[in-house]
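Structure, as structure tokens:
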Amino acid sequence: MRYIFMCRSLTYAQSAARALEKNAISATIKKAPAGLSGSGCSYSVSVSQHKATAAAALLRREGLMQGKVFLQRDDGTFTEVFI
């Protein structure tokens with residue numbers, strides 16, 4: 001399972017991923033999964049489930065928490081979460 005942090009642009013996703021990587025949290029930037037973004041042009045940063053709480057705290061502290069957070073299950077389904 002992975003946690004998906006939605007970002008409104010590629011630039012914000014890159015900033016978020018950079019901040020996470022500087023703090024030893026491995027992050028992957030991807031286009032937002034279909035159906036999770038209203039505009040269709042969003043990007044996301046994903047982290048492992050073990051680092052999700054630390055990632056959320058860091059992104060909030062850095063002012064980079066911009067959108068919804070989703071849990072992506074191993075079967076490919078998504079659930080919005082609040083962490």
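Identifiers in the structure tokens: chain A, B, ... in order shown; residue index from 1 per chain; ligand index from 1 in order shown.
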Extract, using only C-alpha atoms, all DNA, RNA and protein residues at most 6 Å from Phe70 in chain A, discarding same-chain residues fewer than 4 positions from it, and format them as a ChimeraX atom specification. /A:3-4,79-81
Test item, strand (DSSP E) assignment across range 17-51 of chain A, answer as an MDAnalysis selection string: chainID A and resid 28:31 43:48
Quick one: residues within 12 Å of range 46-48 of chain A, only C-alpha atoms, excluding same-chain residues fewer than 2 positions away - as a PyMOL selection string? chain A and resi 1-7+13-14+16-17+20-21+24-33+43-44+50-56+69-74
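If you measure from each of A:Ser42, A:Gln49, A:Thr11, A:Thr77 to Leu64 in chain A using only C-alpha atoms, the closest one turns out to be A:Thr11.
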Can you tell me, as a list in words, what residues are no more than 9 Å from Glu62 in chain A when counting only C-alpha atoms, ignoring any on the same chain fewer than 4 positions away?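 Once the adjacent positions are removed, what remains is Ala16, Ala19, Ala57 and Leu58 of chain A.
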